[in-house]
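K.L.:
Attaching a single structure in structure tokens format; questions to follow.
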Amino acid sequence: MPACNQLEAAFRAAWADPAFHSRLDALLRDYAGRPTPVTECLRLSERLGVRVLLKREDLTHTGSHKINNVLGQGLLTVGMGKGRIIAETGAGQHGVATATAAALFGLDCVVYMGEVDTERQELNVFRMRLLGAEVRPVRSGSRTLKDAVNEALRDWVASVEDTHYCLGSVMGPHPYPWMVREFQRVVGEEARAQCRLLLDGADPDYVVACVGGGSNAAGTFAGFVDTRAALVGVEAAGGAAIGRGVPGVVHGMKSYLLQDEYGQVSEARSISAGLDYPGVGPEHSYLAAAGRASYVPASDGEVLVALQVLAETEGIIPALEPAHAIAWVLRASASGEIPNGSTVLVTMSGRGDKDAEQVMGLLG
Amino acid sequence: MSEVPVAVGLAGVAGVAAVAGVAGVAGVVRPGAGAAGGEVAAREAAGEVVPLEASLRAARDGGRKLLVPYVTGGLGSHWVEVLQAMVSSGADAVEIGIPFSDPVMDGPTIQEASLRALQLGATPPGILSELRRVRVGVPLIAMTYYNLVFRGGHRRFAHNLIEAGVAGIILPDVPLEELGDWSRAADEAGVETVLLAAPITPDDRLAELCRRSRGFVYGVNLMGVTGERSAVASSARQLGERLKAATDKPVLMGFGVSTPEQAAEAASYADGVIVASALMRLLLDGASPERIGDRVAELRAALDDT
């Protein structure tokens with residue numbers, strides 16, 4: 001608790017400090033490459049009868065929205081006088097982003113990654129090592145993201161005096177869900193302004209993002225929660241905490257959780273390492289319970305099709321995670337759930353390079 | 001642990017307890033009555049729930065250093081015999097792990113013990129029903145993580161503990177800030193919730209932990225997870241002394257206490273020790289209940305020599 005209290009105090013002070021914002025904004029602009037564009041998908045739109053816009057987080061430095069959060073937490077780490085940063089990673093995107101920030105700020109970096117994930121995301125493991133980070137494969141439990149979080153927490157209890165835990169999503173104990181959403185809010189705020197330019201002042205009818213822990217969705221939704229846009233989070237069918245879970249408390253948060261009748265946490269199963277998590281950020285549980293956002297599943301098979309469709313129609317290879325969001329758009333526009341002529345904004349949270357080898361294997 | 005940064009948000013550790021009156025001295029006075037209360041009282045009258053704080057205080061005040069070994073419930077077919085061997089070898093209370101899938105405060109040994117017990121089919125009701133069949137004469141303390149309590153339902157879980165003869169509980173992932181709902185249910189049922197204090201716990205928080213902890217106060221020797229260490233952490237002495245100055249409740253030190261020498265050292269600045277990983281290492285490696293009892297007897301002898 002003292003560590004969380006210290007972090008909350010540091011974040012509150014920084015977030016109220018114009019100098020912190022100007023440093024962060026400069027990094028986001030000059031280092032990460034913000035603002036990212038919104039791309040209109042002409043050929044896909046014609047095919048679906050639905051106007052599809054993509055918020056291009058895949059075009060940031062390191063190739064996913066994760067960079068937004070780590071630059072913020074990196075600045076905080078330096079501000080708190082800590083010289084070491086640790087992180088969990090699933091697909092490796094957050095690990096790569098953290099390793100990048102550590103190199104940028106001159107911090108020691110250890111990334112915990114489930115052993116299963118180190119195998120399916122070998123390229124990202126190499127990237128992290130190239131960036132100077134130590135990658136520690138986690139062999140406990142299901143050897144995926146949830147176990148990487150456990151191991152990072154175990155490290156942090158022992159190292160809290162000189163180490164910051166750079167959590168990658170809108171989950172974990174307070175202040176993380178709130179802080180990470182604030183660092184990702186830039187995605188939604190940029191997108192809203194960009195959509196209004198494109199749509200003559202209107203907002204999209206649907207705003208869609210994939211949800212594992214839920215950071216890209218939380219950042220995107222933050223820009224649209226007070227508009228009339230329907231907010232749709234797309235979960236992996238095998239890790240659908242909101243779709244199939246019940247309330248639970250783990251990793252310092254109360255949220256929907258895949259678990260058995262006694263409260264033992266279940267193992268998520270997904271093609272996507274980044275969505276292979278049995279829980280979800282508590283704000284998504286809240287938005288679901290309040291009826292402001294809806295959460296839908298996409299199956300591994302649908303995701304592979306969606307990835308190919310986007311690649312072939314738009315020349316954009318999505319990561320497996322945002323391919324879930326595209327998969328739902330394909331399904332819902334075919335079924336009429338998204339009415340013909342609607343406008344849909346999808347957050348393209350990351351690029352597909354990291355998944356190319358895995359997808360090559362799956363497509364045979 | 002409340003103080004350990006992990007558990008974070010929701011959970012801290014510790015314990016519920018306190019409000020005056022709940023487990024009082026020898027007789028366990030309980031506020032409230034109701035059907036559950038009446039049943040509990042009846043069981044206690046029959047001597048089935050040995051109260052935690054009262055027992056530990058009595059032993060300590062009689063000049064004895066306290067020894068609380070740990071066994072993972074459901075770990076193998078002999079775990080209840082292990083528990084009994086611990087008691088006959090001089091344990092003052094026994095901590096029983098109810099295994100959880102994601103034990104973030106535990107190091108490799110207890111992780112392995114938990115995982116293996118779960119693979120063998122251990123469940124909270126299964127463990128409690130085995131406990132219900134034994135009467136060991138010392139207090140039993142459940143050690144688990146909050147999601148099992150939350151999923152089971154606070155009142156039902158607390159009731160089930162008492163009904164199985166378990167007097168106390170340790171929930172390392174419930175912080176003080178989140179303790180309220182559980183502590184109300186625990187107090188009502190008469191379950192003593194033990195809170196944990198860590199070396200970095202600030203003074204004001206330490207005082208609050210001591211005030212609200214029931215049964216005893218658990219001093220976490222080091223910043224880290226459970227597991228054997230080559231020496232007692234240097235942070236342990238200072239914490240033990242701070243806790244002793246802050247409370248007259250029994251203070252037990254744990255985390256990294258493995259050998260008789262380490263037990264004697266840690267007990268020298270507190271009222272006693274908790275030993276878990278070293279004993280579970282033996283059990284995982286195939287040791288018999290008797291062999292584990294022998295190790296407990298060695299720990300007992302070292303404490304009695306201090």
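Chains: A, B, ... in order of the structure tokens. Residues: from 1 per chain. Ligands: from 1, in order shown.
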List as a CSV table (one decimal) with N, CA and C atoms, in the first residue's frame the protein and nucleic acid residues near segment 266-270 of chain A, meaning an atom at most 7 Å away when only C-alpha atoms are counted, but skip any in the same chain fewer than 6 places from it.

P.N.:
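Below is the file that was written, around-v2.csv:
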chain,number,residue,atom,x,y,z
A,142,SER,N,-0.2,-20.8,-15.5
A,142,SER,CA,-0.5,-21.1,-17.0
A,142,SER,C,0.6,-20.5,-17.9
A,236,ALA,N,-11.5,-11.6,-26.5
A,236,ALA,CA,-11.2,-12.9,-27.1
A,236,ALA,C,-12.2,-13.8,-26.5
A,238,GLY,N,-12.0,-16.8,-25.8
A,238,GLY,CA,-11.4,-17.7,-24.8
A,238,GLY,C,-10.9,-16.9,-23.5
A,239,GLY,N,-11.1,-15.6,-23.5
A,239,GLY,CA,-10.6,-14.8,-22.4
A,239,GLY,C,-11.6,-13.8,-22.0
A,258,LEU,N,-12.6,-14.6,-14.9
A,258,LEU,CA,-12.9,-16.0,-15.2
A,258,LEU,C,-12.4,-16.8,-14.0
A,259,GLN,N,-13.3,-17.6,-13.4
A,259,GLN,CA,-12.9,-18.3,-12.2
A,259,GLN,C,-13.9,-19.5,-12.0
A,260,ASP,N,-13.5,-20.4,-11.1
A,260,ASP,CA,-14.3,-21.6,-10.9
A,260,ASP,C,-15.3,-21.3,-9.7
A,276,ASP,N,-4.8,-12.8,-23.6
A,276,ASP,CA,-4.9,-14.1,-22.9
A,276,ASP,C,-4.8,-13.8,-21.4
A,277,TYR,N,-5.9,-13.2,-20.9
A,277,TYR,CA,-5.9,-12.7,-19.5
A,277,TYR,C,-7.3,-13.0,-18.9
A,278,PRO,N,-7.4,-13.6,-17.8
A,278,PRO,CA,-8.7,-14.0,-17.3
A,278,PRO,C,-9.5,-12.8,-16.6
A,300,ASP,N,-11.1,-17.2,-32.3
A,300,ASP,CA,-9.8,-17.2,-32.9
A,300,ASP,C,-9.9,-17.3,-34.4

K.L.:
What are the residues of chain A that have an atom within 8 Å of an atom of chain B, counting only C-alpha atoms, as a ChimeraX atom specification?

P.N.:
/A:1-4,141,147,150-151,153-160,172-174,248-254,261-265

K.L.:
Go ahead and write the selection's residues with N, CA and C atoms as a JSON list (two decimals), in the first residue's frame.

P.N.:
[["chain", "number", "residue", "atom", "x", "y", "z"],
["A", 1, "MET", "N", 0.81, -1.21, 0.00],
["A", 1, "MET", "CA", 0.00, 0.00, 0.00],
["A", 1, "MET", "C", 0.85, 1.27, 0.00],
["A", 2, "PRO", "N", 1.89, 1.35, 0.80],
["A", 2, "PRO", "CA", 2.68, 2.58, 0.77],
["A", 2, "PRO", "C", 3.19, 2.88, -0.64],
["A", 3, "ALA", "N", 3.57, 1.84, -1.38],
["A", 3, "ALA", "CA", 4.08, 2.07, -2.73],
["A", 3, "ALA", "C", 2.99, 2.62, -3.64],
["A", 4, "CYS", "N", 1.79, 2.07, -3.49],
["A", 4, "CYS", "CA", 0.67, 2.57, -4.30],
["A", 4, "CYS", "C", 0.32, 4.00, -3.91],
["A", 141, "GLY", "N", 2.11, -21.41, -12.96],
["A", 141, "GLY", "CA", 0.72, -21.35, -13.39],
["A", 141, "GLY", "C", 0.54, -21.67, -14.86],
["A", 147, "ASP", "N", 0.30, -14.89, -15.01],
["A", 147, "ASP", "CA", 1.43, -15.35, -14.20],
["A", 147, "ASP", "C", 2.59, -14.36, -14.26],
["A", 150, "ASN", "N", 1.71, -11.86, -11.70],
["A", 150, "ASN", "CA", 2.05, -12.38, -10.36],
["A", 150, "ASN", "C", 3.54, -12.21, -10.08],
["A", 151, "GLU", "N", 4.35, -12.56, -11.05],
["A", 151, "GLU", "CA", 5.79, -12.55, -10.83],
["A", 151, "GLU", "C", 6.32, -11.11, -10.72],
["A", 153, "LEU", "N", 4.60, -8.66, -9.52],
["A", 153, "LEU", "CA", 4.19, -8.22, -8.19],
["A", 153, "LEU", "C", 5.14, -8.77, -7.13],
["A", 154, "ARG", "N", 5.55, -10.02, -7.29],
["A", 154, "ARG", "CA", 6.47, -10.63, -6.31],
["A", 154, "ARG", "C", 7.82, -9.89, -6.32],
["A", 155, "ASP", "N", 8.26, -9.51, -7.51],
["A", 155, "ASP", "CA", 9.49, -8.72, -7.60],
["A", 155, "ASP", "C", 9.31, -7.39, -6.87],
["A", 156, "TRP", "N", 8.15, -6.78, -7.14],
["A", 156, "TRP", "CA", 7.95, -5.42, -6.63],
["A", 156, "TRP", "C", 7.91, -5.37, -5.12],
["A", 157, "VAL", "N", 7.29, -6.39, -4.49],
["A", 157, "VAL", "CA", 7.25, -6.35, -3.02],
["A", 157, "VAL", "C", 8.65, -6.33, -2.46],
["A", 158, "ALA", "N", 9.57, -6.98, -3.15],
["A", 158, "ALA", "CA", 10.93, -7.07, -2.63],
["A", 158, "ALA", "C", 11.80, -5.90, -3.05],
["A", 159, "SER", "N", 11.34, -5.11, -4.02],
["A", 159, "SER", "CA", 12.23, -4.12, -4.62],
["A", 159, "SER", "C", 11.66, -2.71, -4.62],
["A", 160, "VAL", "N", 10.57, -2.54, -3.89],
["A", 160, "VAL", "CA", 9.77, -1.33, -4.04],
["A", 160, "VAL", "C", 10.54, -0.03, -3.77],
["A", 172, "GLY", "N", -5.05, -3.84, -12.07],
["A", 172, "GLY", "CA", -4.23, -3.81, -10.87],
["A", 172, "GLY", "C", -4.82, -2.85, -9.85],
["A", 173, "PRO", "N", -4.04, -2.58, -8.81],
["A", 173, "PRO", "CA", -4.53, -1.74, -7.73],
["A", 173, "PRO", "C", -4.56, -0.27, -8.12],
["A", 174, "HIS", "N", -5.40, 0.47, -7.43],
["A", 174, "HIS", "CA", -5.37, 1.91, -7.57],
["A", 174, "HIS", "C", -3.96, 2.39, -7.25],
["A", 248, "GLY", "N", -14.79, -10.81, -9.19],
["A", 248, "GLY", "CA", -13.75, -11.41, -8.37],
["A", 248, "GLY", "C", -12.75, -10.35, -7.97],
["A", 249, "VAL", "N", -11.80, -10.74, -7.13],
["A", 249, "VAL", "CA", -10.76, -9.82, -6.69],
["A", 249, "VAL", "C", -9.41, -10.50, -6.84],
["A", 250, "VAL", "N", -8.62, -9.97, -7.74],
["A", 250, "VAL", "CA", -7.28, -10.53, -7.93],
["A", 250, "VAL", "C", -6.39, -9.42, -8.49],
["A", 251, "HIS", "N", -5.11, -9.52, -8.27],
["A", 251, "HIS", "CA", -4.18, -8.48, -8.72],
["A", 251, "HIS", "C", -4.58, -7.10, -8.22],
["A", 252, "GLY", "N", -5.16, -7.07, -7.03],
["A", 252, "GLY", "CA", -5.47, -5.79, -6.42],
["A", 252, "GLY", "C", -6.64, -5.05, -7.00],
["A", 253, "MET", "N", -7.50, -5.74, -7.74],
["A", 253, "MET", "CA", -8.67, -5.06, -8.30],
["A", 253, "MET", "C", -9.89, -5.95, -8.21],
["A", 254, "LYS", "N", -11.05, -5.31, -8.15],
["A", 254, "LYS", "CA", -12.31, -6.03, -8.18],
["A", 254, "LYS", "C", -12.93, -5.82, -9.54],
["A", 261, "GLU", "N", -16.04, -22.25, -9.29],
["A", 261, "GLU", "CA", -17.04, -22.01, -8.25],
["A", 261, "GLU", "C", -16.43, -21.64, -6.91],
["A", 262, "TYR", "N", -15.16, -21.97, -6.70],
["A", 262, "TYR", "CA", -14.51, -21.66, -5.42],
["A", 262, "TYR", "C", -13.72, -20.36, -5.46],
["A", 263, "GLY", "N", -13.56, -19.80, -6.66],
["A", 263, "GLY", "CA", -12.78, -18.58, -6.76],
["A", 263, "GLY", "C", -11.37, -18.78, -7.28],
["A", 264, "GLN", "N", -11.05, -20.00, -7.71],
["A", 264, "GLN", "CA", -9.74, -20.21, -8.34],
["A", 264, "GLN", "C", -9.79, -19.60, -9.74],
["A", 265, "VAL", "N", -8.75, -18.86, -10.08],
["A", 265, "VAL", "CA", -8.74, -18.15, -11.35],
["A", 265, "VAL", "C", -8.53, -19.14, -12.50]]

K.L.:
Quick one: everything within 9 Å of Ser255 of chain A, counting only C-alpha atoms, minus sequence neighbours fewer than 4 positions away in the same chain. Send it as a PDB file with C-alpha atoms, in the first residue's frame.

P.N.:
ATOM      1  CA  ALA A 241     -13.934 -11.826 -18.568  1.00  0.00           C
ATOM      2  CA  ILE A 242     -16.980  -9.641 -18.997  1.00  0.00           C
ATOM      3  CA  VAL A 246     -18.231 -13.188 -12.565  1.00  0.00           C
ATOM      4  CA  PRO A 247     -16.991 -10.567 -10.096  1.00  0.00           C
ATOM      5  CA  GLY A 248     -13.749 -11.413  -8.365  1.00  0.00           C
ATOM      6  CA  VAL A 249     -10.760  -9.816  -6.686  1.00  0.00           C
ATOM      7  CA  VAL A 250      -7.278 -10.529  -7.929  1.00  0.00           C
ATOM      8  CA  GLY A 279      -9.550 -10.548 -15.836  1.00  0.00           C
ATOM      9  CA  VAL A 280     -10.322  -7.110 -17.211  1.00  0.00           C
ATOM     10  CA  GLY A 281      -9.790  -3.553 -16.053  1.00  0.00           C
ATOM     11  CA  PRO A 282     -12.387  -2.544 -13.460  1.00  0.00           C
ATOM     12  CA  GLU A 283     -13.559   0.470 -15.434  1.00  0.00           C
ATOM     13  CA  HIS A 284     -14.719  -1.831 -18.212  1.00  0.00           C
ATOM     14  CA  SER A 285     -16.707  -3.844 -15.701  1.00  0.00           C
ATOM     15  CA  TYR A 286     -18.239  -0.585 -14.577  1.00  0.00           C
TER      16      TYR A 286
END

K.L.:
Please return as a ChimeraX atom specification: the residues of segment 11-178 of chain A that backbone DSSP assigns to helix (DSSP H, G or I).

P.N.:
/A:11-15,18-30,42-48,57-59,66-79,93-105,115-120,122-130,145-159,176-178

K.L.:
Atom CA of Ala26 of chain A to atom CA of Asn68 of chain A: how many Å, to one decimal?

P.N.:
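Value for the atom CA of Ala26 of chain A-atom CA of Asn68 of chain A distance: 11.7 Å.
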
K.L.:
Excluding same-chain residues fewer than 4 positions from segment 270-276 of chain B, what lies within 6 Å of it counting only C-alpha atoms, as a list in words?

P.N.:
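Contacts, with the query itself left out: Lys65, Leu66, Leu67, Val68, Pro69, Tyr70, Gly240, Pro250, Val251, Leu252, Met253, Gly254 and Val257 of chain B.
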
K.L.:
Got time to write the residues from that selection, N, CA and C atoms, as an mmCIF file, in the first residue's frame?

P.N.:
data_model
loop_
_atom_site.group_PDB
_atom_site.id
_atom_site.type_symbol
_atom_site.label_atom_id
_atom_site.label_comp_id
_atom_site.auth_asym_id
_atom_site.auth_seq_id
_atom_site.Cartn_x
_atom_site.Cartn_y
_atom_site.Cartn_z
ATOM 1 N N LYS B 65 7.954 -19.204 24.233
ATOM 2 C CA LYS B 65 8.038 -18.631 22.896
ATOM 3 C C LYS B 65 7.108 -19.422 21.983
ATOM 4 N N LEU B 66 6.399 -18.715 21.140
ATOM 5 C CA LEU B 66 5.334 -19.349 20.359
ATOM 6 C C LEU B 66 5.848 -19.876 19.023
ATOM 7 N N LEU B 67 5.356 -21.049 18.667
ATOM 8 C CA LEU B 67 5.747 -21.672 17.399
ATOM 9 C C LEU B 67 4.483 -22.001 16.601
ATOM 10 N N VAL B 68 4.406 -21.429 15.406
ATOM 11 C CA VAL B 68 3.253 -21.683 14.537
ATOM 12 C C VAL B 68 3.744 -22.211 13.192
ATOM 13 N N PRO B 69 3.709 -23.521 13.010
ATOM 14 C CA PRO B 69 4.062 -24.067 11.703
ATOM 15 C C PRO B 69 2.874 -24.001 10.741
ATOM 16 N N TYR B 70 3.181 -24.236 9.488
ATOM 17 C CA TYR B 70 2.183 -24.107 8.416
ATOM 18 C C TYR B 70 2.119 -25.399 7.614
ATOM 19 N N GLY B 240 10.229 -6.205 14.609
ATOM 20 C CA GLY B 240 9.770 -6.902 15.807
ATOM 21 C C GLY B 240 9.741 -5.967 17.012
ATOM 22 N N PRO B 250 0.010 -10.775 20.988
ATOM 23 C CA PRO B 250 1.167 -11.583 20.590
ATOM 24 C C PRO B 250 1.699 -11.125 19.233
ATOM 25 N N VAL B 251 3.013 -11.092 19.102
ATOM 26 C CA VAL B 251 3.661 -10.694 17.851
ATOM 27 C C VAL B 251 4.477 -11.878 17.351
ATOM 28 N N LEU B 252 4.116 -12.366 16.166
ATOM 29 C CA LEU B 252 4.847 -13.487 15.577
ATOM 30 C C LEU B 252 5.536 -13.024 14.303
ATOM 31 N N MET B 253 6.760 -13.498 14.115
ATOM 32 C CA MET B 253 7.536 -13.094 12.946
ATOM 33 C C MET B 253 7.586 -14.245 11.939
ATOM 34 N N GLY B 254 7.437 -13.891 10.671
ATOM 35 C CA GLY B 254 7.479 -14.918 9.632
ATOM 36 C C GLY B 254 8.113 -14.390 8.365
ATOM 37 N N VAL B 257 11.930 -17.699 7.889
ATOM 38 C CA VAL B 257 12.379 -18.358 9.116
ATOM 39 C C VAL B 257 12.366 -19.864 8.837
#

K.L.:
If you count only C-alpha atoms, which residues fall within 8 Å of Gly72 of chain A, apart from same-chain ones fewer than 4 positions away, as a PyMOL selection string?

P.N.:
chain A and resi 24+68+76+183

K.L.:
DSSP on the backbone, strand (DSSP E) only: what residues of segment 13-209 of chain A does that give? Format it as a ChimeraX atom specification.

P.N.:
/A:38-40,51-56,84-89,108-114,134-138,163-165,206-209

K.L.:
Using only C-alpha atoms, please write the residues we just selected to a file, as a compact mmCIF listing (two decimals), in the first residue's frame.

P.N.:
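Result file is selection_8.txt:
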# COMPACT_ATOMS: atom_id res chain seq x y z
CA VAL A 38 -7.23 8.39 -38.56
CA THR A 39 -7.35 6.42 -41.80
CA GLU A 40 -10.51 6.03 -43.82
CA ARG A 51 -17.92 3.50 -43.15
CA VAL A 52 -14.82 2.24 -41.33
CA LEU A 53 -12.22 4.57 -39.82
CA LEU A 54 -9.05 3.36 -38.11
CA LYS A 55 -7.22 5.17 -35.32
CA ARG A 56 -3.67 4.27 -36.21
CA ARG A 84 14.78 0.46 -12.00
CA ILE A 85 11.59 -0.37 -13.83
CA ILE A 86 9.80 -3.73 -14.14
CA ALA A 87 6.89 -4.80 -16.28
CA GLU A 88 4.73 -7.74 -17.24
CA THR A 89 4.01 -8.46 -20.84
CA ASP A 108 17.44 -0.73 -15.48
CA CYS A 109 14.64 -2.87 -16.84
CA VAL A 110 13.30 -6.37 -16.14
CA VAL A 111 10.34 -7.73 -18.08
CA TYR A 112 8.36 -10.75 -16.88
CA MET A 113 6.80 -12.80 -19.65
CA GLY A 114 5.01 -16.13 -19.48
CA GLU A 134 16.38 -8.52 -19.07
CA VAL A 135 13.49 -10.82 -20.02
CA ARG A 136 12.58 -13.34 -17.32
CA PRO A 137 10.42 -16.22 -18.56
CA VAL A 138 7.71 -17.10 -16.02
CA THR A 163 11.84 0.06 -8.42
CA HIS A 164 8.73 1.23 -10.22
CA TYR A 165 6.27 -1.37 -11.47
CA TYR A 206 -19.73 3.06 -33.13
CA VAL A 207 -16.38 3.19 -31.39
CA VAL A 208 -14.76 -0.23 -31.25
CA ALA A 209 -11.60 -1.51 -29.55

K.L.:
Quick one: pull the distance between atom CA of Leu330 of chain A and atom CA of Arg43 of chain A, Å, one decimal.

P.N.:
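Distance between the two atoms: 13.2 Å.
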
K.L.:
Quick one: residues within 8 Å of segment 292-304 of chain B, only C-alpha atoms counted, chain neighbours fewer than 2 positions away excluded, as a short mmCIF file (atom, residue, chain, number, x, y, z; two decimals) with C-alpha atoms, in the first residue's frame?

P.N.:
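Writing done, so here's out19.cif:
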data_model
loop_
_atom_site.label_atom_id
_atom_site.label_comp_id
_atom_site.auth_asym_id
_atom_site.auth_seq_id
_atom_site.Cartn_x
_atom_site.Cartn_y
_atom_site.Cartn_z
CA ARG B 64 6.82 -19.67 26.36
CA LYS B 65 8.04 -18.63 22.90
CA LEU B 66 5.33 -19.35 20.36
CA LEU B 67 5.75 -21.67 17.40
CA PRO B 69 4.06 -24.07 11.70
CA VAL B 82 1.21 -33.69 9.27
CA ALA B 85 2.39 -34.34 14.11
CA MET B 86 3.09 -30.61 14.27
CA SER B 88 2.27 -33.22 19.12
CA SER B 89 5.76 -31.82 18.48
CA GLY B 90 4.99 -28.58 20.26
CA ALA B 91 3.15 -26.22 17.91
CA THR B 259 16.08 -23.28 10.75
CA PRO B 260 16.05 -23.66 14.55
CA GLU B 261 18.78 -21.00 14.79
CA ALA B 263 13.64 -19.30 14.75
CA ALA B 264 15.49 -18.58 17.99
CA ALA B 267 11.79 -15.05 18.49
CA LEU B 279 8.39 -27.53 6.30
CA LEU B 282 10.14 -31.41 3.26
CA LEU B 283 6.58 -32.45 2.51
CA ALA B 287 8.92 -36.51 4.00
CA SER B 288 6.61 -38.45 6.33
CA PRO B 289 4.45 -36.74 8.96
CA GLU B 290 6.82 -38.10 11.61
CA THR B 306 16.08 -18.98 24.32
#
